[in-house]
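Next comes my_file-v9.pdb, with PDB, C-alpha atoms.
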ATOM      1  CA  ALA A 276      50.868 -51.598  -9.745
ATOM      2  CA  GLN A 277      54.405 -52.857  -9.578
ATOM      3  CA  SER A 278      57.337 -50.476  -9.710
ATOM      4  CA  VAL A 279      61.111 -50.499  -9.441
ATOM      5  CA  THR A 280      63.372 -47.778  -8.092
ATOM      6  CA  GLN A 281      67.069 -47.597  -8.768
ATOM      7  CA  PRO A 282      68.199 -44.642  -6.645
ATOM      8  CA  ASP A 283      71.605 -44.203  -8.257
ATOM      9  CA  ILE A 284      71.640 -42.870 -11.806
ATOM     10  CA  HIS A 285      75.405 -43.062 -12.209
ATOM     11  CA  ILE A 286      78.107 -44.763 -10.141
ATOM     12  CA  THR A 287      81.852 -44.607 -10.668
ATOM     13  CA  VAL A 288      84.189 -47.149  -9.077
ATOM     14  CA  SER A 289      87.844 -48.020  -9.423
ATOM     15  CA  GLU A 290      88.818 -51.277 -11.041
ATOM     16  CA  GLY A 291      89.217 -53.933  -8.359
ATOM     17  CA  ALA A 292      86.902 -52.197  -5.938
ATOM     18  CA  SER A 293      83.677 -53.739  -4.695
ATOM     19  CA  LEU A 294      80.314 -52.742  -6.143
ATOM     20  CA  GLU A 295      76.770 -52.559  -4.886
ATOM     21  CA  LEU A 296      73.899 -51.334  -7.053
ATOM     22  CA  ARG A 297      70.652 -50.634  -5.254
ATOM     23  CA  CYS A 298      67.195 -51.722  -6.293
ATOM     24  CA  ASN A 299      63.908 -51.314  -4.434
ATOM     25  CA  TYR A 300      60.646 -52.700  -5.695
ATOM     26  CA  SER A 301      56.966 -52.397  -5.025
ATOM     27  CA  TYR A 302      54.827 -55.433  -5.670
ATOM     28  CA  GLY A 303      51.750 -56.856  -3.992
ATOM     29  CA  ALA A 304      52.732 -60.517  -3.988
ATOM     30  CA  THR A 305      55.951 -62.514  -4.062
ATOM     31  CA  PRO A 306      58.023 -60.793  -6.724
ATOM     32  CA  TYR A 307      60.046 -62.273  -9.494
ATOM     33  CA  LEU A 308      63.204 -60.150  -9.626
ATOM     34  CA  PHE A 309      65.847 -59.765 -12.292
ATOM     35  CA  TRP A 310      69.046 -57.883 -13.018
ATOM     36  CA  TYR A 311      70.024 -57.161 -16.616
ATOM     37  CA  VAL A 312      73.118 -55.517 -18.069
ATOM     38  CA  GLN A 313      73.219 -53.457 -21.258
ATOM     39  CA  SER A 314      76.535 -52.588 -22.860
ATOM     40  CA  PRO A 315      76.592 -49.596 -25.227
ATOM     41  CA  GLY A 316      74.728 -50.336 -28.439
ATOM     42  CA  GLN A 317      73.734 -53.791 -27.258
ATOM     43  CA  GLY A 318      70.583 -55.539 -26.087
ATOM     44  CA  LEU A 319      69.969 -56.697 -22.551
ATOM     45  CA  GLN A 320      71.727 -59.669 -21.026
ATOM     46  CA  LEU A 321      70.274 -61.454 -18.019
ATOM     47  CA  LEU A 322      72.696 -61.443 -15.074
ATOM     48  CA  LEU A 323      70.589 -63.282 -12.513
ATOM     49  CA  LYS A 324      67.060 -63.873 -11.343
ATOM     50  CA  TYR A 325      65.159 -64.584  -8.136
ATOM     51  CA  PHE A 326      61.937 -66.552  -8.093
ATOM     52  CA  SER A 327      61.937 -68.247  -4.692
ATOM     53  CA  GLY A 328      64.147 -70.159  -2.275
ATOM     54  CA  ASP A 329      67.595 -69.018  -1.246
ATOM     55  CA  THR A 330      67.602 -65.245  -0.957
ATOM     56  CA  LEU A 331      71.228 -64.947  -2.127
ATOM     57  CA  VAL A 332      71.345 -65.524  -5.856
ATOM     58  CA  GLN A 333      74.468 -66.119  -7.891
ATOM     59  CA  GLY A 334      74.661 -64.921 -11.462
ATOM     60  CA  ILE A 335      77.023 -64.741 -14.363
ATOM     61  CA  LYS A 336      80.216 -62.677 -14.503
ATOM     62  CA  GLY A 337      80.743 -62.957 -10.741
ATOM     63  CA  PHE A 338      77.631 -61.003  -9.776
ATOM     64  CA  GLU A 339      75.290 -61.857  -6.933
ATOM     65  CA  ALA A 340      72.139 -60.305  -5.525
ATOM     66  CA  GLU A 341      70.318 -60.620  -2.240
ATOM     67  CA  PHE A 342      66.549 -60.511  -1.877
ATOM     68  CA  LYS A 343      65.449 -58.806   1.332
ATOM     69  CA  ARG A 344      61.684 -58.907   1.685
ATOM     70  CA  SER A 345      61.651 -56.698   4.789
ATOM     71  CA  GLN A 346      63.418 -53.936   2.871
ATOM     72  CA  SER A 347      61.776 -54.609  -0.511
ATOM     73  CA  SER A 348      65.257 -54.658  -1.970
ATOM     74  CA  PHE A 349      67.240 -56.716  -4.445
ATOM     75  CA  ASN A 350      70.713 -55.178  -4.503
ATOM     76  CA  LEU A 351      73.350 -56.336  -6.947
ATOM     77  CA  ARG A 352      76.902 -56.892  -5.754
ATOM     78  CA  LYS A 353      80.300 -57.805  -7.102
ATOM     79  CA  PRO A 354      83.403 -58.129  -4.901
ATOM     80  CA  SER A 355      85.906 -56.883  -7.500
ATOM     81  CA  VAL A 356      84.909 -54.845 -10.532
ATOM     82  CA  HIS A 357      86.604 -55.268 -13.901
ATOM     83  CA  TRP A 358      86.841 -52.557 -16.565
ATOM     84  CA  SER A 359      84.592 -54.659 -18.801
ATOM     85  CA  ASP A 360      81.767 -54.291 -16.263
ATOM     86  CA  ALA A 361      81.226 -50.696 -17.371
ATOM     87  CA  ALA A 362      77.660 -50.702 -18.676
ATOM     88  CA  GLU A 363      74.117 -49.851 -17.705
ATOM     89  CA  TYR A 364      72.377 -52.098 -15.211
ATOM     90  CA  PHE A 365      68.630 -52.554 -14.987
ATOM     91  CA  CYS A 366      66.652 -54.085 -12.162
ATOM     92  CA  ALA A 367      63.238 -55.489 -13.069
ATOM     93  CA  VAL A 368      60.256 -56.994 -11.300
ATOM     94  CA  GLY A 369      57.997 -59.485 -12.983
ATOM     95  CA  SER A 370      54.358 -60.419 -12.744
ATOM     96  CA  SER A 371      53.260 -63.860 -13.682
ATOM     97  CA  GLY A 372      50.038 -64.362 -15.527
ATOM     98  CA  ALA A 373      49.048 -67.240 -17.746
ATOM     99  CA  GLY A 374      52.620 -68.513 -17.639
ATOM    100  CA  SER A 375      54.155 -65.334 -18.971
ATOM    101  CA  TYR A 376      56.360 -62.764 -17.357
ATOM    102  CA  GLN A 377      55.883 -59.096 -18.103
ATOM    103  CA  LEU A 378      58.650 -57.043 -16.611
ATOM    104  CA  THR A 379      58.661 -53.570 -15.160
ATOM    105  CA  PHE A 380      62.111 -52.032 -15.350
ATOM    106  CA  GLY A 381      63.862 -49.482 -13.209
ATOM    107  CA  LYS A 382      65.440 -46.444 -14.866
ATOM    108  CA  GLY A 383      68.860 -48.044 -14.764
ATOM    109  CA  THR A 384      72.218 -47.311 -13.152
ATOM    110  CA  LYS A 385      75.139 -46.436 -15.353
ATOM    111  CA  LEU A 386      78.409 -47.882 -14.080
ATOM    112  CA  SER A 387      81.721 -46.301 -14.978
ATOM    113  CA  VAL A 388      84.989 -48.020 -14.066
ATOM    114  CA  ILE A 389      88.202 -46.087 -13.497
ATOM    115  CA  PRO A 390      91.363 -48.015 -14.467
TER     116      PRO A 390
ATOM    117  CA  SER B  23      68.674 -69.832 -23.317
ATOM    118  CA  ALA B  24      66.986 -68.482 -26.412
ATOM    119  CA  VAL B  25      68.857 -66.561 -29.074
ATOM    120  CA  ILE B  26      66.857 -63.687 -30.500
ATOM    121  CA  SER B  27      67.706 -62.029 -33.799
ATOM    122  CA  GLN B  28      66.296 -58.687 -34.830
ATOM    123  CA  LYS B  29      66.528 -56.803 -38.071
ATOM    124  CA  PRO B  30      67.194 -54.171 -39.004
ATOM    125  CA  SER B  31      69.686 -53.420 -36.266
ATOM    126  CA  ARG B  32      69.388 -49.736 -37.054
ATOM    127  CA  ASP B  33      67.687 -47.476 -39.552
ATOM    128  CA  ILE B  34      67.181 -43.832 -40.345
ATOM    129  CA  CYS B  35      63.709 -43.005 -41.567
ATOM    130  CA  GLN B  36      61.799 -40.019 -42.811
ATOM    131  CA  ARG B  37      58.860 -38.548 -40.969
ATOM    132  CA  GLY B  38      55.530 -40.039 -42.072
ATOM    133  CA  THR B  39      56.912 -43.359 -43.250
ATOM    134  CA  SER B  40      56.536 -46.779 -41.627
ATOM    135  CA  LEU B  41      59.119 -49.388 -40.697
ATOM    136  CA  THR B  42      58.690 -53.065 -39.876
ATOM    137  CA  ILE B  43      61.070 -54.759 -37.449
ATOM    138  CA  GLN B  44      61.447 -58.507 -37.566
ATOM    139  CA  CYS B  45      62.220 -60.782 -34.641
ATOM    140  CA  GLN B  46      63.253 -64.422 -34.930
ATOM    141  CA  VAL B  47      63.794 -66.761 -31.969
ATOM    142  CA  ASP B  48      65.914 -69.878 -32.355
ATOM    143  CA  SER B  49      63.591 -72.071 -30.290
ATOM    144  CA  GLN B  50      59.918 -72.308 -29.495
ATOM    145  CA  VAL B  51      58.911 -69.940 -26.737
ATOM    146  CA  THR B  52      55.653 -69.309 -24.980
ATOM    147  CA  MET B  53      55.518 -65.541 -24.907
ATOM    148  CA  MET B  54      57.025 -62.787 -27.003
ATOM    149  CA  PHE B  55      57.036 -59.122 -26.133
ATOM    150  CA  TRP B  56      58.031 -55.812 -27.675
ATOM    151  CA  TYR B  57      59.672 -53.095 -25.588
ATOM    152  CA  ARG B  58      60.695 -49.529 -26.366
ATOM    153  CA  GLN B  59      63.720 -47.804 -24.905
ATOM    154  CA  GLN B  60      63.746 -44.084 -25.553
ATOM    155  CA  PRO B  61      67.088 -42.253 -25.467
ATOM    156  CA  GLY B  62      68.547 -42.307 -21.974
ATOM    157  CA  GLN B  63      65.480 -44.031 -20.581
ATOM    158  CA  SER B  64      64.476 -47.402 -19.281
ATOM    159  CA  LEU B  65      62.412 -50.008 -21.095
ATOM    160  CA  THR B  66      58.683 -49.698 -21.548
ATOM    161  CA  LEU B  67      56.505 -52.617 -22.574
ATOM    162  CA  ILE B  68      54.609 -51.911 -25.792
ATOM    163  CA  ALA B  69      52.669 -55.140 -26.163
ATOM    164  CA  THR B  70      52.559 -58.895 -25.838
ATOM    165  CA  ALA B  71      52.671 -60.616 -29.225
ATOM    166  CA  ASN B  72      50.084 -63.395 -29.297
ATOM    167  CA  GLN B  73      50.374 -66.223 -31.761
ATOM    168  CA  GLY B  74      47.591 -66.187 -34.305
ATOM    169  CA  SER B  75      45.624 -63.400 -32.659
ATOM    170  CA  GLU B  76      45.760 -59.695 -31.985
ATOM    171  CA  ALA B  77      48.522 -58.435 -29.716
ATOM    172  CA  THR B  78      47.756 -57.210 -26.220
ATOM    173  CA  TYR B  79      48.767 -53.562 -25.903
ATOM    174  CA  GLU B  80      49.824 -51.663 -22.814
ATOM    175  CA  SER B  81      48.344 -48.349 -21.847
ATOM    176  CA  GLY B  82      49.501 -45.621 -24.188
ATOM    177  CA  PHE B  83      50.145 -47.910 -27.149
ATOM    178  CA  VAL B  84      47.614 -48.675 -29.879
ATOM    179  CA  ILE B  85      47.402 -51.133 -32.729
ATOM    180  CA  ASP B  86      47.091 -48.468 -35.425
ATOM    181  CA  LYS B  87      50.457 -47.015 -34.438
ATOM    182  CA  PHE B  88      52.261 -50.258 -33.575
ATOM    183  CA  PRO B  89      50.719 -53.176 -35.466
ATOM    184  CA  ILE B  90      52.213 -56.487 -34.389
ATOM    185  CA  SER B  91      52.086 -59.904 -35.958
ATOM    186  CA  ARG B  92      53.081 -63.315 -34.665
ATOM    187  CA  PRO B  93      52.263 -65.943 -37.269
ATOM    188  CA  ASN B  94      54.074 -68.743 -35.444
ATOM    189  CA  LEU B  95      55.833 -69.527 -32.159
ATOM    190  CA  THR B  96      59.238 -68.236 -33.192
ATOM    191  CA  PHE B  97      58.628 -65.130 -35.319
ATOM    192  CA  SER B  98      57.090 -61.725 -34.735
ATOM    193  CA  THR B  99      57.068 -58.318 -36.388
ATOM    194  CA  LEU B 100      56.511 -54.825 -35.033
ATOM    195  CA  THR B 101      55.626 -51.980 -37.379
ATOM    196  CA  VAL B 102      56.104 -48.381 -36.347
ATOM    197  CA  SER B 103      53.572 -46.463 -38.442
ATOM    198  CA  ASN B 104      53.491 -42.853 -39.609
ATOM    199  CA  MET B 105      56.722 -42.127 -37.784
ATOM    200  CA  SER B 106      57.633 -38.864 -36.119
ATOM    201  CA  PRO B 107      60.885 -37.830 -34.413
ATOM    202  CA  GLU B 108      59.324 -38.817 -31.076
ATOM    203  CA  ASP B 109      59.411 -42.435 -32.261
ATOM    204  CA  SER B 110      63.207 -42.394 -32.316
ATOM    205  CA  SER B 111      64.053 -45.194 -29.897
ATOM    206  CA  ILE B 112      65.507 -48.628 -29.537
ATOM    207  CA  TYR B 113      62.857 -51.286 -30.052
ATOM    208  CA  LEU B 114      63.582 -54.597 -28.367
ATOM    209  CA  CYS B 115      62.024 -57.964 -28.957
ATOM    210  CA  SER B 116      61.979 -60.360 -26.027
ATOM    211  CA  ALA B 117      60.862 -63.905 -25.375
ATOM    212  CA  SER B 118      60.204 -65.807 -22.178
ATOM    213  CA  GLY B 119      62.270 -68.855 -21.361
ATOM    214  CA  LEU B 120      61.033 -72.060 -19.770
ATOM    215  CA  ALA B 121      62.028 -70.819 -16.310
ATOM    216  CA  GLY B 122      60.183 -67.536 -16.821
ATOM    217  CA  GLU B 123      63.136 -65.300 -17.491
ATOM    218  CA  LEU B 124      63.111 -62.928 -20.437
ATOM    219  CA  PHE B 125      65.696 -62.976 -23.178
ATOM    220  CA  PHE B 126      66.245 -59.962 -25.383
ATOM    221  CA  GLY B 127      67.367 -59.310 -28.900
ATOM    222  CA  GLU B 128      70.078 -56.798 -29.689
ATOM    223  CA  GLY B 129      67.466 -54.179 -30.427
ATOM    224  CA  SER B 130      66.616 -52.074 -33.448
ATOM    225  CA  ARG B 131      67.812 -48.488 -33.175
ATOM    226  CA  LEU B 132      65.445 -46.232 -35.062
ATOM    227  CA  THR B 133      66.132 -42.583 -35.885
ATOM    228  CA  VAL B 134      63.345 -40.521 -37.424
ATOM    229  CA  LEU B 135      64.273 -37.287 -39.176
TER     230      LEU B 135
END
Could you render the structure as structure tokens?
Amino acid sequence: AQSVTQPDIHITVSEGASLELRCNYSYGATPYLFWYVQSPGQGLQLLLKYFSGDTLVQGIKGFEAEFKRSQSSFNLRKPSVHWSDAAEYFCAVGSSGAGSYQLTFGKGTKLSVIP
Amino acid sequence: SAVISQKPSRDICQRGTSLTIQCQVDSQVTMMFWYRQQPGQSLTLIATANQGSEATYESGFVIDKFPISRPNLTFSTLTVSNMSPEDSSIYLCSASGLAGELFFGEGSRLTVL
């Protein structure tokens, strides 16, 4: 069965500092990997996805993530955090069957940004 | 990307009652799903909504408790039946895009007293 681990429950960074959110997955085949962001009281917004090809993936809002098969990781990074990035971030791994994608989510990492 | 609208966005319900959540997608999509997010928790897949046939439920979820309909490609409903306080959660509708990514609605925040 597939699973996702986000080791950090809560991270606090200063505005302008760099950010890395960790994600490790367990999946028997080539994974489909996603990062979503959820602002308070909102739904989930897709930041970026990895299906195949280049292991460094660029997303929206200046985020990027790197797929490392040897480490079973898909860490999310941003070089300079803005106060509006404060939210909860979810990593997810997908399984493809019959053209659909059912996602398994990690428990999330809450990001706080200090002005 | 698909735009997904859910209603109600939030509701407060009494124990023992049922509530139906509606989900409308602005374009035709292949798959639609319903997730639950309990307070402070991650998302758990309830079921895949199949057009014109019974939904496919994940372990721990049953049709009698969470009946789902999907009469066409762009619309689905989830009913939470005979509610108890443990059903207080955010319920999220999602749909798969052409590239396989999932798009989510804003969620329906349900509080059961």
Report as JSON, numbers by chain the full result of the ChimeraX specification (/B :<8) & /A when it is applied to this structure. {"A": [317, 318, 319, 320, 321, 324, 365, 374, 375, 376, 377, 378, 379, 380, 381, 382, 383]}
Go ahead and fit an axis-aligned box to every listed atom of stretch 29-39 of chain B plus 6 Å each side, and pass me the centre and edge lengths in Å, one decimal, as JSON.
{"center_x": 62.6, "center_y": -47.7, "center_z": -39.8, "size_x": 26.2, "size_y": 30.3, "size_z": 19.0}
### Message
the PyMOL selection byres ((chain B and resi 89) around 12) - which residues does that actually catch in the file I just gave you? List them as a VMD selection string.
### Response
chain B and resid 40 to 43 56 68 to 72 75 to 79 83 to 88 90 to 92 98 to 104
Find the residues near B:Gln36: any atom within 9 Å, counting all atoms listed in the file, skip ones fewer than 6 places away on the same chain, and give them as a PyMOL selection string.
chain B and resi 105-107+133-135
Distance of atom CA of B:Pro61 from atom CA of A:Val312, expressed in Å to one decimal place =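 So the answer is 16.3 Å.
The space between atom CA of B:Gln28 and atom CA of A:Cys366 spans 23.1 Å.
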Reference answer for the PyMOL selection byres ((chain A and resi 352) around 7), as an mmCIF file with C-alpha atoms, in the coordinates of the input:
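Produced file out_15.cif, reproduced below:
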data_model
loop_
_atom_site.group_PDB
_atom_site.id
_atom_site.type_symbol
_atom_site.label_atom_id
_atom_site.label_comp_id
_atom_site.auth_asym_id
_atom_site.auth_seq_id
_atom_site.Cartn_x
_atom_site.Cartn_y
_atom_site.Cartn_z
ATOM 1 C CA LEU A 294 80.314 -52.742 -6.143
ATOM 2 C CA GLU A 295 76.770 -52.559 -4.886
ATOM 3 C CA LEU A 296 73.899 -51.334 -7.053
ATOM 4 C CA PHE A 338 77.631 -61.003 -9.776
ATOM 5 C CA GLU A 339 75.290 -61.857 -6.933
ATOM 6 C CA ALA A 340 72.139 -60.305 -5.525
ATOM 7 C CA ASN A 350 70.713 -55.178 -4.503
ATOM 8 C CA LEU A 351 73.350 -56.336 -6.947
ATOM 9 C CA LYS A 353 80.300 -57.805 -7.102
ATOM 10 C CA PRO A 354 83.403 -58.129 -4.901
#
Between B:Thr96, B:Leu132, B:Ser111, B:Arg37, smallest distance to B:Arg58 by all atoms listed in the file belongs to B:Ser111
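The spacing separating atom CA of B:Cys45 from atom CA of B:Pro30 amounts to 9.4 Å.
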- Query: Which polymer residues have any atom within 7 Å of an atom of A:Trp358, counting all atoms listed in the file, with same-chain residues fewer than 6 positions away left out, as a PyMOL selection string?
  - Reply: chain A and resi 290+388+390
Margin query: Quick one: residues within 8 Å of A:Ser347, all atoms listed in the file, excluding same-chain residues fewer than 3 positions away - as a list of chain:residue names?
Written below: A:Asn299, A:Tyr300, A:Ser301, A:Phe342, A:Lys343, A:Arg344
